[in-house]
Structure formats: structure tokens, C-alpha cells
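For reference, data_18.txt (compact mmCIF, C-alpha atoms and all ligand atoms):
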# COMPACT_ATOMS: atom_id res chain seq x y z
CA THR C 1207 -57.88 111.22 -195.39
CA LEU C 1208 -59.71 114.42 -196.28
CA LEU C 1209 -56.36 116.06 -197.13
CA ASP C 1210 -55.61 113.63 -199.94
CA GLY C 1211 -57.23 116.14 -202.25
CA PHE C 1212 -60.54 117.96 -202.57
CA VAL C 1213 -62.52 120.54 -204.51
CA PHE C 1214 -64.27 123.35 -202.70
CA PRO C 1215 -66.75 125.05 -205.02
CA GLY C 1216 -67.00 128.41 -203.21
CA VAL C 1217 -69.97 129.96 -201.45
CA PRO C 1218 -72.07 131.83 -204.03
CA THR C 1219 -74.84 132.92 -201.62
CA ARG C 1220 -74.84 136.31 -199.91
CA VAL C 1221 -75.81 135.91 -196.24
CA LEU C 1222 -77.09 138.47 -193.74
CA PHE C 1223 -77.17 137.25 -190.15
CA GLY C 1224 -78.45 139.14 -187.13
CA ALA C 1225 -81.46 140.57 -185.29
CA GLY C 1226 -83.94 142.78 -187.14
CA THR C 1227 -82.38 141.91 -190.51
CA LEU C 1228 -85.87 141.38 -192.00
CA ALA C 1229 -85.93 145.16 -192.45
CA GLN C 1230 -83.07 144.82 -194.97
CA VAL C 1231 -84.94 142.58 -197.41
CA GLY C 1232 -86.08 145.58 -199.48
CA ASP C 1233 -82.50 146.78 -199.93
CA GLU C 1234 -81.46 143.26 -200.90
CA VAL C 1235 -84.15 143.22 -203.62
CA GLY C 1236 -82.66 146.47 -204.91
CA GLN C 1237 -79.08 145.14 -204.72
CA LEU C 1238 -80.09 142.22 -206.90
CA GLY C 1239 -81.24 144.76 -209.48
CA ARG C 1240 -84.85 143.67 -208.95
CA ALA C 1241 -87.89 145.78 -208.16
CA ARG C 1242 -90.97 143.57 -207.79
CA ALA C 1243 -90.89 140.72 -205.28
CA LEU C 1244 -93.56 138.07 -204.80
CA VAL C 1245 -93.54 137.13 -201.10
CA LEU C 1246 -94.10 133.40 -200.43
CA SER C 1247 -95.31 131.65 -197.26
CA THR C 1248 -97.46 128.80 -195.97
CA PRO C 1249 -101.08 129.56 -195.04
CA HIS C 1250 -99.95 129.47 -191.39
CA GLN C 1251 -97.52 132.35 -191.93
CA SER C 1252 -99.68 134.41 -194.32
CA ASP C 1253 -100.02 137.31 -191.84
CA GLN C 1254 -96.25 137.57 -191.56
CA ALA C 1255 -95.94 137.44 -195.36
CA GLY C 1256 -98.58 140.17 -195.72
CA LYS C 1257 -96.71 142.39 -193.26
CA LEU C 1258 -93.46 141.86 -195.11
CA ALA C 1259 -95.11 142.70 -198.45
CA ASP C 1260 -96.54 145.89 -196.88
CA ALA C 1261 -93.13 146.82 -195.48
CA LEU C 1262 -91.54 146.26 -198.90
CA GLY C 1263 -93.99 148.80 -200.37
CA GLU C 1264 -93.39 149.28 -204.09
CA ARG C 1265 -90.75 146.57 -204.03
CA ALA C 1266 -93.45 143.89 -203.55
CA VAL C 1267 -96.21 142.91 -205.97
CA GLY C 1268 -98.08 140.77 -203.46
CA THR C 1269 -98.06 137.43 -201.69
CA PHE C 1270 -98.61 133.78 -202.51
CA THR C 1271 -99.36 131.92 -199.29
CA GLU C 1272 -100.09 128.32 -200.29
CA ALA C 1273 -96.65 126.73 -199.79
CA ALA C 1274 -96.99 123.12 -198.57
CA MET C 1275 -94.81 120.27 -197.31
CA HIS C 1276 -92.69 118.46 -199.96
CA THR C 1277 -93.35 121.08 -202.67
CA PRO C 1278 -96.32 119.61 -204.56
CA VAL C 1279 -96.06 120.48 -208.28
CA SER C 1280 -99.76 121.48 -208.31
CA VAL C 1281 -99.01 124.26 -205.81
CA THR C 1282 -95.95 125.31 -207.81
CA GLU C 1283 -98.12 125.66 -210.91
CA ARG C 1284 -100.51 128.00 -209.10
CA ALA C 1285 -97.55 129.94 -207.74
CA LEU C 1286 -96.09 130.27 -211.25
CA ASP C 1287 -99.40 131.75 -212.39
CA ALA C 1288 -99.29 134.26 -209.55
CA TYR C 1289 -95.62 135.02 -210.32
CA ARG C 1290 -96.32 135.72 -214.00
CA THR C 1291 -99.62 137.57 -213.71
CA SER C 1292 -98.25 139.84 -210.95
CA GLY C 1293 -95.26 140.86 -213.08
CA ALA C 1294 -92.87 139.83 -210.31
CA ASP C 1295 -89.13 139.69 -211.05
CA CYS C 1296 -87.95 137.87 -207.91
CA VAL C 1297 -89.29 135.89 -204.94
CA VAL C 1298 -88.87 136.30 -201.19
CA ALA C 1299 -89.50 133.01 -199.37
CA LEU C 1300 -90.41 133.65 -195.73
CA GLY C 1301 -90.70 130.42 -193.74
CA GLY C 1302 -89.33 126.93 -193.27
CA GLY C 1303 -88.17 124.33 -195.77
CA SER C 1304 -91.60 124.09 -197.41
CA THR C 1305 -91.73 127.76 -198.35
CA ILE C 1306 -88.08 127.90 -199.37
CA GLY C 1307 -88.74 124.80 -201.52
CA LEU C 1308 -91.52 126.66 -203.34
CA GLY C 1309 -89.16 129.58 -204.00
CA LYS C 1310 -86.62 127.14 -205.46
CA ALA C 1311 -89.28 125.48 -207.63
CA ILE C 1312 -90.27 128.87 -209.08
CA ALA C 1313 -86.64 129.95 -209.56
CA THR C 1314 -85.54 126.83 -211.39
CA ARG C 1315 -88.46 127.18 -213.83
CA THR C 1316 -88.27 130.95 -214.43
CA GLY C 1317 -84.72 132.05 -213.55
CA ALA C 1318 -86.17 134.27 -210.79
CA ASP C 1319 -83.73 135.49 -208.14
CA GLN C 1320 -84.55 134.27 -204.63
CA ILE C 1321 -84.17 135.79 -201.22
CA ALA C 1322 -84.76 133.15 -198.55
CA VAL C 1323 -85.71 134.19 -195.03
CA PRO C 1324 -85.63 130.99 -192.93
CA THR C 1325 -87.82 130.75 -189.83
CA THR C 1326 -86.95 127.14 -188.88
CA TYR C 1327 -83.64 125.25 -188.66
CA ALA C 1328 -84.38 122.75 -191.49
CA GLY C 1329 -81.63 124.23 -193.64
CA SER C 1330 -82.92 124.24 -197.21
CA GLU C 1331 -81.75 127.82 -197.81
CA MET C 1332 -78.04 127.21 -198.50
CA THR C 1333 -78.50 124.20 -200.77
CA ASP C 1334 -78.94 123.54 -204.48
CA ILE C 1335 -81.36 120.69 -203.67
CA LEU C 1336 -85.05 120.66 -204.57
CA GLY C 1337 -87.41 117.84 -203.62
CA GLU C 1338 -90.83 117.93 -205.31
CA THR C 1339 -93.88 115.70 -205.20
CA ASP C 1340 -96.16 114.90 -208.08
CA ALA C 1341 -98.99 112.36 -207.84
CA GLY C 1342 -97.56 111.06 -204.55
CA ARG C 1343 -94.02 110.53 -205.91
CA LYS C 1344 -91.08 112.50 -204.59
CA THR C 1345 -88.18 113.38 -206.87
CA THR C 1346 -85.06 115.26 -205.85
CA ARG C 1347 -82.63 117.15 -208.03
CA ARG C 1348 -79.63 119.42 -207.68
CA ASP C 1349 -78.91 122.37 -209.93
CA ALA C 1350 -77.18 125.75 -209.56
CA SER C 1351 -80.43 127.56 -210.48
CA ILE C 1352 -82.03 126.14 -207.32
CA ARG C 1353 -79.70 127.84 -204.81
CA PRO C 1354 -81.04 131.14 -203.39
CA GLU C 1355 -79.00 134.26 -204.24
CA VAL C 1356 -79.48 135.83 -200.81
CA VAL C 1357 -80.30 134.40 -197.39
CA VAL C 1358 -81.45 136.68 -194.58
CA TYR C 1359 -81.23 135.12 -191.10
CA ASP C 1360 -83.19 137.15 -188.56
CA VAL C 1361 -83.10 135.64 -185.08
CA ASP C 1362 -86.23 137.62 -184.15
CA LEU C 1363 -88.26 135.44 -186.52
CA THR C 1364 -87.25 132.33 -184.58
CA LEU C 1365 -88.13 133.53 -181.06
CA GLY C 1366 -91.71 132.29 -181.48
CA LEU C 1367 -90.89 128.98 -183.18
CA PRO C 1368 -92.94 126.49 -181.12
CA SER C 1369 -90.80 124.40 -178.78
CA ALA C 1370 -91.60 121.02 -180.36
CA MET C 1371 -90.65 122.31 -183.82
CA THR C 1372 -87.58 124.01 -182.42
CA VAL C 1373 -86.26 120.68 -181.20
CA THR C 1374 -87.22 118.46 -184.15
CA SER C 1375 -86.09 121.03 -186.70
CA ALA C 1376 -82.74 121.35 -184.87
CA LEU C 1377 -82.25 117.57 -184.88
CA ASN C 1378 -83.05 117.63 -188.61
CA ALA C 1379 -80.22 120.15 -189.03
CA ILE C 1380 -77.84 118.10 -186.88
CA ALA C 1381 -78.58 115.14 -189.17
CA HIS C 1382 -77.34 117.19 -192.14
CA GLY C 1383 -74.13 117.88 -190.24
CA VAL C 1384 -73.62 114.26 -189.19
CA GLU C 1385 -74.07 112.92 -192.74
CA ALA C 1386 -71.85 115.70 -194.15
CA LEU C 1387 -69.03 114.42 -191.93
CA TYR C 1388 -68.96 110.96 -193.53
CA ALA C 1389 -70.18 112.00 -196.98
CA PRO C 1390 -68.25 110.57 -199.94
CA ASP C 1391 -67.57 114.16 -201.06
CA ALA C 1392 -66.74 115.58 -197.60
CA ASN C 1393 -63.79 117.98 -197.50
CA PRO C 1394 -61.99 119.73 -194.62
CA VAL C 1395 -64.16 122.83 -195.00
CA THR C 1396 -67.53 121.02 -194.97
CA SER C 1397 -66.29 119.03 -191.97
CA LEU C 1398 -65.41 122.07 -189.92
CA LEU C 1399 -68.77 123.63 -190.85
CA ALA C 1400 -70.54 120.49 -189.67
CA VAL C 1401 -68.62 120.13 -186.40
CA ASP C 1402 -69.07 123.80 -185.48
CA GLY C 1403 -72.72 123.69 -186.55
CA ILE C 1404 -73.51 120.66 -184.41
CA GLY C 1405 -71.53 122.21 -181.54
CA ALA C 1406 -73.64 125.37 -181.74
CA PHE C 1407 -76.80 123.28 -181.40
CA ARG C 1408 -75.34 121.27 -178.54
CA ASP C 1409 -74.43 124.49 -176.70
CA GLY C 1410 -77.52 126.55 -177.54
CA LEU C 1411 -80.49 124.18 -177.57
CA PRO C 1412 -80.77 123.39 -173.84
CA ALA C 1413 -81.00 127.13 -173.08
CA VAL C 1414 -83.52 127.70 -175.89
CA SER C 1415 -85.66 124.88 -174.63
CA LYS C 1416 -85.70 126.41 -171.13
CA GLU C 1417 -86.26 129.97 -172.36
CA PRO C 1418 -87.55 130.08 -175.96
CA THR C 1419 -87.09 133.85 -176.26
CA ASP C 1420 -83.43 133.84 -175.10
CA ARG C 1421 -82.04 135.80 -178.05
CA ASP C 1422 -78.38 134.84 -177.48
CA ALA C 1423 -79.16 131.13 -177.33
CA ARG C 1424 -81.52 131.43 -180.31
CA SER C 1425 -78.71 133.18 -182.25
CA LYS C 1426 -76.29 130.37 -181.46
CA VAL C 1427 -78.79 127.79 -182.67
CA LEU C 1428 -79.62 129.75 -185.83
CA TYR C 1429 -75.90 130.02 -186.54
CA GLY C 1430 -75.69 126.23 -186.18
CA ALA C 1431 -78.54 125.90 -188.66
CA TRP C 1432 -76.65 128.05 -191.15
CA LEU C 1433 -73.46 126.01 -190.83
CA CYS C 1434 -75.28 122.68 -191.14
CA SER C 1435 -77.21 123.96 -194.15
CA LEU C 1436 -73.94 125.02 -195.79
CA ALA C 1437 -72.42 121.60 -195.13
CA LEU C 1438 -75.53 119.93 -196.59
CA GLY C 1439 -75.28 122.13 -199.67
CA TYR C 1440 -71.86 120.75 -200.61
CA THR C 1441 -72.14 117.08 -199.76
CA THR C 1442 -74.09 113.96 -200.66
CA MET C 1443 -76.36 112.48 -198.02
CA SER C 1444 -76.44 108.77 -197.10
CA LEU C 1445 -78.45 106.22 -195.10
CA HIS C 1446 -80.08 108.64 -192.67
CA HIS C 1447 -81.59 110.87 -195.35
CA LYS C 1448 -82.52 107.86 -197.46
CA LEU C 1449 -84.54 106.35 -194.59
CA ALA C 1450 -86.16 109.70 -193.77
CA HIS C 1451 -87.24 110.02 -197.41
CA VAL C 1452 -88.61 106.47 -197.51
CA LEU C 1453 -90.69 107.04 -194.37
CA GLY C 1454 -91.85 110.52 -195.37
CA GLY C 1455 -92.41 109.65 -199.02
CA SER C 1456 -94.09 106.25 -198.75
CA PHE C 1457 -95.74 106.49 -195.32
CA GLY C 1458 -96.41 110.22 -194.97
CA THR C 1459 -94.58 110.63 -191.66
CA PRO C 1460 -93.85 114.27 -190.70
CA HIS C 1461 -90.46 115.50 -191.95
CA ALA C 1462 -88.73 116.97 -188.90
CA GLU C 1463 -90.04 114.37 -186.41
CA THR C 1464 -88.93 111.52 -188.66
CA HIS C 1465 -85.40 112.95 -188.86
CA ALA C 1466 -85.32 113.53 -185.12
CA ILE C 1467 -86.30 109.96 -184.25
CA LEU C 1468 -84.01 108.28 -186.79
CA LEU C 1469 -80.86 110.31 -186.14
CA PRO C 1470 -79.46 108.54 -183.04
CA HIS C 1471 -80.03 105.17 -184.73
CA THR C 1472 -78.53 105.97 -188.14
CA ALA C 1473 -75.63 107.92 -186.62
CA GLY C 1474 -74.92 105.13 -184.13
CA PHE C 1475 -75.09 102.51 -186.89
CA ASN C 1476 -72.57 104.37 -189.03
CA ALA C 1477 -70.30 105.41 -186.15
CA ALA C 1478 -69.32 101.75 -185.85
CA ALA C 1479 -67.73 101.92 -189.31
CA THR C 1480 -66.10 105.36 -189.61
CA ASP C 1481 -63.75 107.51 -187.56
CA ARG C 1482 -65.24 110.68 -189.07
CA LEU C 1483 -67.72 111.02 -186.18
CA GLY C 1484 -65.05 111.17 -183.47
CA ALA C 1485 -65.72 114.85 -182.75
CA ILE C 1486 -69.43 114.10 -182.35
CA ALA C 1487 -68.79 111.25 -179.91
CA GLU C 1488 -66.62 113.61 -177.86
CA MET C 1489 -69.30 116.30 -177.93
CA PHE C 1490 -72.08 113.98 -176.77
CA GLY C 1491 -70.43 112.13 -173.90
CA GLY C 1492 -68.44 109.44 -175.68
CA SER C 1493 -71.08 107.63 -177.72
CA VAL C 1494 -72.54 108.94 -180.98
CA GLY C 1495 -75.85 107.02 -181.01
CA GLY C 1496 -76.42 106.91 -177.25
CA GLY C 1497 -75.22 110.48 -176.79
CA LEU C 1498 -77.51 111.88 -179.47
CA TRP C 1499 -80.41 109.85 -178.06
CA ASP C 1500 -79.77 111.22 -174.53
CA PHE C 1501 -79.56 114.74 -175.96
CA ALA C 1502 -82.83 114.30 -177.90
CA ARG C 1503 -84.55 112.88 -174.84
CA SER C 1504 -83.34 115.68 -172.58
CA LEU C 1505 -84.98 118.14 -174.97
CA GLY C 1506 -88.29 116.28 -175.01
CA ALA C 1507 -87.91 115.16 -178.65
CA PRO C 1508 -90.09 112.33 -179.97
CA LEU C 1509 -88.18 109.03 -179.72
CA ARG C 1510 -90.47 106.37 -181.22
CA LEU C 1511 -91.51 105.76 -184.83
CA SER C 1512 -94.54 103.94 -183.39
CA ASP C 1513 -95.81 107.35 -182.25
CA LEU C 1514 -95.90 108.51 -185.89
CA GLY C 1515 -98.55 105.94 -186.77
CA LEU C 1516 -96.21 103.35 -188.32
CA SER C 1517 -96.91 99.64 -187.82
CA GLU C 1518 -94.35 96.82 -187.73
CA ASP C 1519 -95.61 95.73 -191.16
CA ASP C 1520 -94.72 99.19 -192.42
CA LEU C 1521 -91.17 98.59 -191.18
CA ASP C 1522 -90.93 95.45 -193.36
CA ARG C 1523 -92.02 97.42 -196.39
CA ALA C 1524 -89.82 100.42 -195.57
CA SER C 1525 -86.70 98.28 -195.21
CA ALA C 1526 -87.44 96.65 -198.59
CA ILE C 1527 -87.80 100.05 -200.28
CA ALA C 1528 -84.66 101.36 -198.57
CA VAL C 1529 -82.44 98.73 -200.24
CA GLU C 1530 -83.93 99.01 -203.75
CA ASN C 1531 -81.17 101.36 -204.92
CA SER C 1532 -77.58 101.49 -203.72
CA TYR C 1533 -75.88 104.67 -202.52
CA ALA C 1534 -72.77 105.67 -200.64
CA ASN C 1535 -72.74 104.88 -196.91
CA PRO C 1536 -69.76 104.35 -194.60
CA ARG C 1537 -71.17 101.04 -193.31
CA PRO C 1538 -72.44 98.40 -195.71
CA PHE C 1539 -75.88 97.03 -194.88
CA ASP C 1540 -78.57 94.64 -196.05
CA GLN C 1541 -82.32 94.60 -195.57
CA ASN C 1542 -82.04 92.83 -192.19
CA ASP C 1543 -79.75 95.53 -190.84
CA ILE C 1544 -82.23 98.22 -191.86
CA ARG C 1545 -85.14 96.27 -190.44
CA ALA C 1546 -83.33 95.97 -187.09
CA LEU C 1547 -82.43 99.67 -187.10
CA LEU C 1548 -86.05 100.62 -187.82
CA GLN C 1549 -87.28 98.27 -185.10
CA ALA C 1550 -85.08 100.02 -182.53
CA ALA C 1551 -86.30 103.43 -183.74
CA TRP C 1552 -89.90 102.15 -183.66
CA GLU C 1553 -89.56 101.01 -180.06
CA GLY C 1554 -87.54 104.08 -179.08
CA SER C 1555 -84.74 102.12 -177.44
CA ARG C 1556 -81.40 103.77 -176.72
CA PRO C 1557 -78.77 102.85 -179.32
CA ASP C 1558 -75.15 102.12 -178.24
P1 LIG J 1 -92.18 123.62 -192.85
O1 LIG J 1 -91.53 124.64 -193.71
O2 LIG J 1 -93.14 122.70 -193.50
O3 LIG J 1 -92.88 124.37 -191.64
C1 LIG J 1 -93.80 123.68 -190.80
C2 LIG J 1 -94.87 124.64 -190.28
O4 LIG J 1 -94.28 125.55 -189.34
C3 LIG J 1 -95.47 125.50 -191.38
O5 LIG J 1 -96.84 125.65 -191.17
C4 LIG J 1 -94.76 126.83 -191.20
O6 LIG J 1 -95.50 127.90 -191.69
C5 LIG J 1 -94.60 126.87 -189.69
N1 LIG J 1 -93.50 127.73 -189.24
C6 LIG J 1 -92.30 127.90 -189.82
N2 LIG J 1 -91.56 128.76 -189.10
C7 LIG J 1 -92.30 129.16 -188.05
C8 LIG J 1 -92.08 130.04 -186.96
N3 LIG J 1 -90.91 130.66 -186.77
N4 LIG J 1 -93.08 130.21 -186.07
C9 LIG J 1 -94.24 129.56 -186.20
N5 LIG J 1 -94.51 128.69 -187.22
C10 LIG J 1 -93.55 128.50 -188.14
O7 LIG J 1 -91.11 122.70 -192.07
P2 LIG J 1 -89.52 122.59 -192.14
O8 LIG J 1 -89.17 121.50 -191.22
O9 LIG J 1 -88.87 123.91 -192.00
O10 LIG J 1 -89.23 122.13 -193.64
C11 LIG J 1 -89.52 120.82 -194.07
C12 LIG J 1 -89.47 120.75 -195.58
O11 LIG J 1 -88.23 121.29 -196.05
C13 LIG J 1 -89.55 119.33 -196.13
O12 LIG J 1 -90.39 119.31 -197.26
C14 LIG J 1 -88.11 119.03 -196.52
O13 LIG J 1 -88.03 118.07 -197.55
C15 LIG J 1 -87.61 120.37 -196.95
N6 LIG J 1 -86.15 120.52 -196.83
C16 LIG J 1 -85.44 120.67 -197.98
C17 LIG J 1 -84.07 120.82 -197.95
C18 LIG J 1 -83.30 121.03 -199.22
O14 LIG J 1 -82.10 121.27 -199.19
N7 LIG J 1 -83.95 120.97 -200.36
C19 LIG J 1 -83.39 120.82 -196.72
C20 LIG J 1 -84.14 120.67 -195.55
C21 LIG J 1 -85.52 120.52 -195.61

Just give me the structure of the file as C-alpha cells.
Amino acid sequence: TLLDGFVFPGVPTRVLFGAGTLAQVGDEVGQLGRARALVLSTPHQSDQAGKLADALGERAVGTFTEAAMHTPVSVTERALDAYRTSGADCVVALGGGSTIGLGKAIATRTGADQIAVPTTYAGSEMTDILGETDAGRKTTRRDASIRPEVVVYDVDLTLGLPSAMTVTSALNAIAHGVEALYAPDANPVTSLLAVDGIGAFRDGLPAVSKEPTDRDARSKVLYGAWLCSLALGYTTMSLHHKLAHVLGGSFGTPHAETHAILLPHTAGFNAAATDRLGAIAEMFGGSVGGGLWDFARSLGAPLRLSDLGLSEDDLDRASAIAVENSYANPRPFDQNDIRALLQAAWEGSRPD
């Protein structure tokens, strides 16, 4: 059991959670002993980044607004140029996992302190994980220098998160929690983070999807994102994340949607072999796979891999890639098992 012995490494990240906390970023720069922040964003959020840089006044040296999905090294190189020529001494990453990934890529190369200000639920901010792409290949590494020093959660930044992204990004976060529960390095603390995190999504998401600007429900969901990100930051992911990386990396499927569609299938597959998902079954009406699928459907989430442009031939290739390397997973599997799982996710059928 989890109580047979475990190591809990401590939580090194300072976290501010609330409404209007964006206004405290300047003080946080000062508290870190820094004075010149480079504000990062995607092109889509460049206005927001510009406003933040203006609000930071002398504590900002400018913005770099080219962050892109899967942290391409070519973008990081341009960002490093901007970081050095501006004389910045820290970065503020304002955005989703793509922007936070760019902050991590700069920090691990320069030692820069990072303040992450998440605006989605993807959950990169609490982890020491960095995935980067170079010439179409994705590599992932973990290192203490990658973890942001400060994370500022401001619910106001999530009120306008488009509804489709709200739902897929939340299911992405729930997937972190689910895999944390059966991770080989799970411990009692990561498990309670994961269960409470998933519970916060279960309780908050239906209200958010009815009324996207409901601040209380948005706060609950953002709190769930924090807990699931924390759990992800201390555990090793298994089959679900492996399949999401294969589909995203080799077939270019969109990150959050891919996670959302796969989750009921991977969770249902593994629930048959572990008792660690008991709390999740209870939370979602008795069945892990079916319950998560019903929940996703009730929120209008995408349910079919076929809608992401994948063909059945792609599924053959994906299942071959997915079994090239071995990794920890509660339920053993072979290529046929993966092919069958992908088929069900491709058709969008309800798992047991
Ligand atoms: P994203 O960061 O790519 O954001 C998608 C789009 O939504 C962007 O254009 C962004 O600017 C926009 N956006 C973000 N917040 C918004 C808001 N509140 N309102 C309006 N638009 C907004 O997507 P994501 O799902 O947050 O992150 C996915 C990436 O994060 C992937 O590359 C994934 O690998 C990575 N990730 C990494 C980790 C880790 O621990 N290293 C964990 C989770 C995700």
C-alpha cells in the first residue's frame, strides 16, 4: 500500500491564489530580488502581455510574444536573444502550457527565475517537466531548474477562457490526477491532491460550462487545476500520457483535445487492473471509464479521435510506436490492446 513507505520532496514553489492577484506580480518580482522581467505570451495573448508589462513599469523590460505549442527550440532561441539583449533578470510567463513551457526553456538555459501566471488548466506551472520539439522530434526532461519559483493563480484571467478550451483543458488536468493516483511513485500526499483536484473539477465544471463567468465555480476549477498540477509534478505518468504524446508528437493532434478524448479509454483500461481509482469510480457514478465519458459528453467535449483527422491506418502506426519502449503502467498491455483502445477512442464509443 502507499503507507509501506514513501518520500515526499516538499513543495518549493510559492503560490498566490485568488482574484485580482495579477496586480501582485510586480511585488513578487521584487521579492525574488529581481528587477527586470521579460513578459512572455503567445501571439494570441500579446495584448494581455503588453498590459502586464505596462503595469509592471520599471520592473519589466518588455515582452516576447511568440510562444508556441510544444516549445519549439527555434522559438526558444529567439526568446533567449530577447532575454539577453533586453538585460532581463527573470521571466513572467502569462498564458497556458505553451507559454509556461517557454519560460521553463529559458530558465533551464540561463538560471532565470520564473513567475508563471496560468490562464488555462493544463497544469505545467507546478512541475519540473519540460517538453521541447526540435526538427519535429519531441523530447521531455525533468530538472529542478525547470520548476517555476512563483505561481500566481488569478481567477479573473480564466473568466474569458473559451468554453471548448475550458472543457478540454480541464480534462487534460483530470488526466494528470488520474495517472498520479496509480503512478509507480504515488504517495499518500499526491493521492489526496489528485482526488481533491479531480473532485473540484467534477463539482465546478458543470456550473462553469453553464455560466463561464461564474467566479466561484471558476475558482473551484482553478483550484482543481492547481492540485492536479502539483500531483503531476511529483509523479511519473503512464499509458495515458504516453498515448497523448504519440498522437500529438507523430500525428500533430491538438494537445488538450487529444487528452480529453483518450482519458475515459485509458482510465477505464487501467481501472480494470488497480484499486487506486476507487475514489474516481465513486465520484463518477460507479464506473471510471464510462463515468468519465458521460461527464465529458455532458460538457460537450470532443469524443472521437476520428474528428481530429486521424485515419484507421494512423491507429496501426500509433499503436506500434506506443509499444516501442516500456514504461510503468498498472495494467500490462501489448500492441493489440492499444490498437483496440485507440479504435474505441477513434469511434467515440462509451468504455465500460
Ligand atoms: P496553450 O498554452 O497552447 O494555449 C492555447 C491557446 O489558448 C493559445 O493561443 C493561448 O494564448 C490561448 N489562451 C490561453 N489562455 C487563454 C485565456 N484565458 N483566454 C483566451 N485564450 C487563452 O494550451 P495549453 O493546453 O494550456 O498547453 C498545452 C501545452 O502545455 C502543450 O505543449 C503541453 O505539452 C504543455 N504542458 C506541459 C506540462 C508540463 O508539465 N511540462 C503540463 C501540461 C501541459

Kindly provide, as JSON, the centre and edge lengths (Å, one decimal) of an axis-aligned box around all atoms of ligand LIG 1 (chain J) given in the file, with 4 Å on each side.
{"center_x": -89.5, "center_y": 124.4, "center_z": -193.2, "size_x": 22.7, "size_y": 20.6, "size_z": 22.3}

Quick one: distance from CA of Ser1517 (chain C) to CA of His1276 (chain C) in Å, one decimal? 22.8 Å

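Note that the spacing between CA of Thr1316 (chain C) and atom O11 of ligand LIG 1 (chain J) amounts to 20.8 Å.
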
Around ligand LIG 1 (chain J), which protein and nucleic acid residues have at least one atom no more than 6 Å from it, if we count all atoms listed in the file? List them as a ChimeraX atom specification. /C:1248,1250-1251,1275-1276,1301-1305,1325-1326,1328-1330,1333,1335-1337,1363-1364,1366-1367,1375,1461-1462

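Computed from the coordinates, the CA of Asp1391 (chain C) to CA of Leu1411 (chain C) distance equals 28.6 Å.
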
Residues at most 6 Å from region 1524-1526 of chain C, counting only C-alpha atoms, excluding those fewer than 2 positions away in the same chain, as a ChimeraX atom specification? /C:1520-1522,1528-1529,1541,1544-1545

Using the selection just defined, write its residues with C-alpha atoms as a compact mmCIF listing (two decimals), in the coordinates of the input.
# COMPACT_ATOMS: atom_id res chain seq x y z
CA ASP C 1520 -94.72 99.19 -192.42
CA LEU C 1521 -91.17 98.59 -191.18
CA ASP C 1522 -90.93 95.45 -193.36
CA ALA C 1528 -84.66 101.36 -198.57
CA VAL C 1529 -82.44 98.73 -200.24
CA GLN C 1541 -82.32 94.60 -195.57
CA ILE C 1544 -82.23 98.22 -191.86
CA ARG C 1545 -85.14 96.27 -190.44

Excluding Leu1505 (chain C) and its own-chain neighbours fewer than 2 positions away, which residues fall within 8 Å of it when counting all atoms listed in the file? Please give them as a PyMOL selection string. chain C and resi 1373+1411-1412+1415+1501-1503+1507

Residues near Thr1282 (chain C), cut-off 12 Å, only C-alpha atoms, skip fewer than 5 positions along chain, as a PyMOL selection string: chain C and resi 1246+1270-1277+1287-1289+1304-1316+1338-1340

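Once region 1466-1477 of chain C and its same-chain neighbours fewer than 6 positions away are set aside, C:Thr1374, C:Leu1377, C:Asn1378, C:Ala1381, C:Leu1445, C:His1446, C:Leu1483, C:Val1494, C:Gly1495, C:Gly1496, C:Leu1498, C:Trp1499, C:Pro1508, C:Leu1509, C:Arg1510, C:Leu1511, C:Pro1536, C:Arg1537, C:Leu1547, C:Ala1551, C:Pro1557, C:Asp1558 remain within 7 Å of it when counting only C-alpha atoms.
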
Just C-alpha atoms for this one: save the residues we selected as a CSV table (one decimal), in the frame of the given file.
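Output (result_34.csv):
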chain,number,residue,atom,x,y,z
C,1374,THR,CA,-87.2,118.5,-184.2
C,1377,LEU,CA,-82.2,117.6,-184.9
C,1378,ASN,CA,-83.0,117.6,-188.6
C,1381,ALA,CA,-78.6,115.1,-189.2
C,1445,LEU,CA,-78.4,106.2,-195.1
C,1446,HIS,CA,-80.1,108.6,-192.7
C,1483,LEU,CA,-67.7,111.0,-186.2
C,1494,VAL,CA,-72.5,108.9,-181.0
C,1495,GLY,CA,-75.8,107.0,-181.0
C,1496,GLY,CA,-76.4,106.9,-177.2
C,1498,LEU,CA,-77.5,111.9,-179.5
C,1499,TRP,CA,-80.4,109.8,-178.1
C,1508,PRO,CA,-90.1,112.3,-180.0
C,1509,LEU,CA,-88.2,109.0,-179.7
C,1510,ARG,CA,-90.5,106.4,-181.2
C,1511,LEU,CA,-91.5,105.8,-184.8
C,1536,PRO,CA,-69.8,104.4,-194.6
C,1537,ARG,CA,-71.2,101.0,-193.3
C,1547,LEU,CA,-82.4,99.7,-187.1
C,1551,ALA,CA,-86.3,103.4,-183.7
C,1557,PRO,CA,-78.8,102.8,-179.3
C,1558,ASP,CA,-75.2,102.1,-178.2

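The shortest atom-to-atom distance to Leu1449 (chain C), with all atoms listed in the file taken into account, belongs to C:Thr1464 out of C:Thr1219, C:Ser1252, C:Ser1435, C:Thr1464.
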
Complete the atom set of region 1510-1521 of chain C to N, CA and C atoms and return it as a short mmCIF file (atom, residue, chain, number, x, y, z; two decimals), in the frame of the given file.
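And here is the file that came out, part-v6.cif:
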data_model
loop_
_atom_site.label_atom_id
_atom_site.label_comp_id
_atom_site.auth_asym_id
_atom_site.auth_seq_id
_atom_site.Cartn_x
_atom_site.Cartn_y
_atom_site.Cartn_z
N ARG C 1510 -89.95 107.64 -180.71
CA ARG C 1510 -90.47 106.37 -181.22
C ARG C 1510 -91.19 106.54 -182.56
N LEU C 1511 -90.79 105.75 -183.55
CA LEU C 1511 -91.51 105.76 -184.83
C LEU C 1511 -92.94 105.27 -184.64
N SER C 1512 -93.18 104.45 -183.62
CA SER C 1512 -94.54 103.94 -183.39
C SER C 1512 -95.50 105.10 -183.09
N ASP C 1513 -94.96 106.19 -182.54
CA ASP C 1513 -95.81 107.35 -182.25
C ASP C 1513 -96.20 108.12 -183.51
N LEU C 1514 -95.56 107.82 -184.64
CA LEU C 1514 -95.90 108.51 -185.89
C LEU C 1514 -96.93 107.72 -186.70
N GLY C 1515 -97.49 106.69 -186.09
CA GLY C 1515 -98.55 105.94 -186.77
C GLY C 1515 -98.03 104.79 -187.63
N LEU C 1516 -96.75 104.46 -187.52
CA LEU C 1516 -96.21 103.35 -188.32
C LEU C 1516 -96.48 102.02 -187.61
N SER C 1517 -96.74 100.97 -188.40
CA SER C 1517 -96.91 99.64 -187.82
C SER C 1517 -95.65 98.82 -188.10
N GLU C 1518 -95.53 97.66 -187.47
CA GLU C 1518 -94.35 96.82 -187.73
C GLU C 1518 -94.36 96.29 -189.17
N ASP C 1519 -95.54 96.11 -189.74
CA ASP C 1519 -95.61 95.73 -191.16
C ASP C 1519 -95.02 96.82 -192.04
N ASP C 1520 -95.29 98.07 -191.66
CA ASP C 1520 -94.72 99.19 -192.42
C ASP C 1520 -93.19 99.12 -192.41
N LEU C 1521 -92.63 98.67 -191.28
CA LEU C 1521 -91.17 98.59 -191.18
C LEU C 1521 -90.62 97.57 -192.17
#
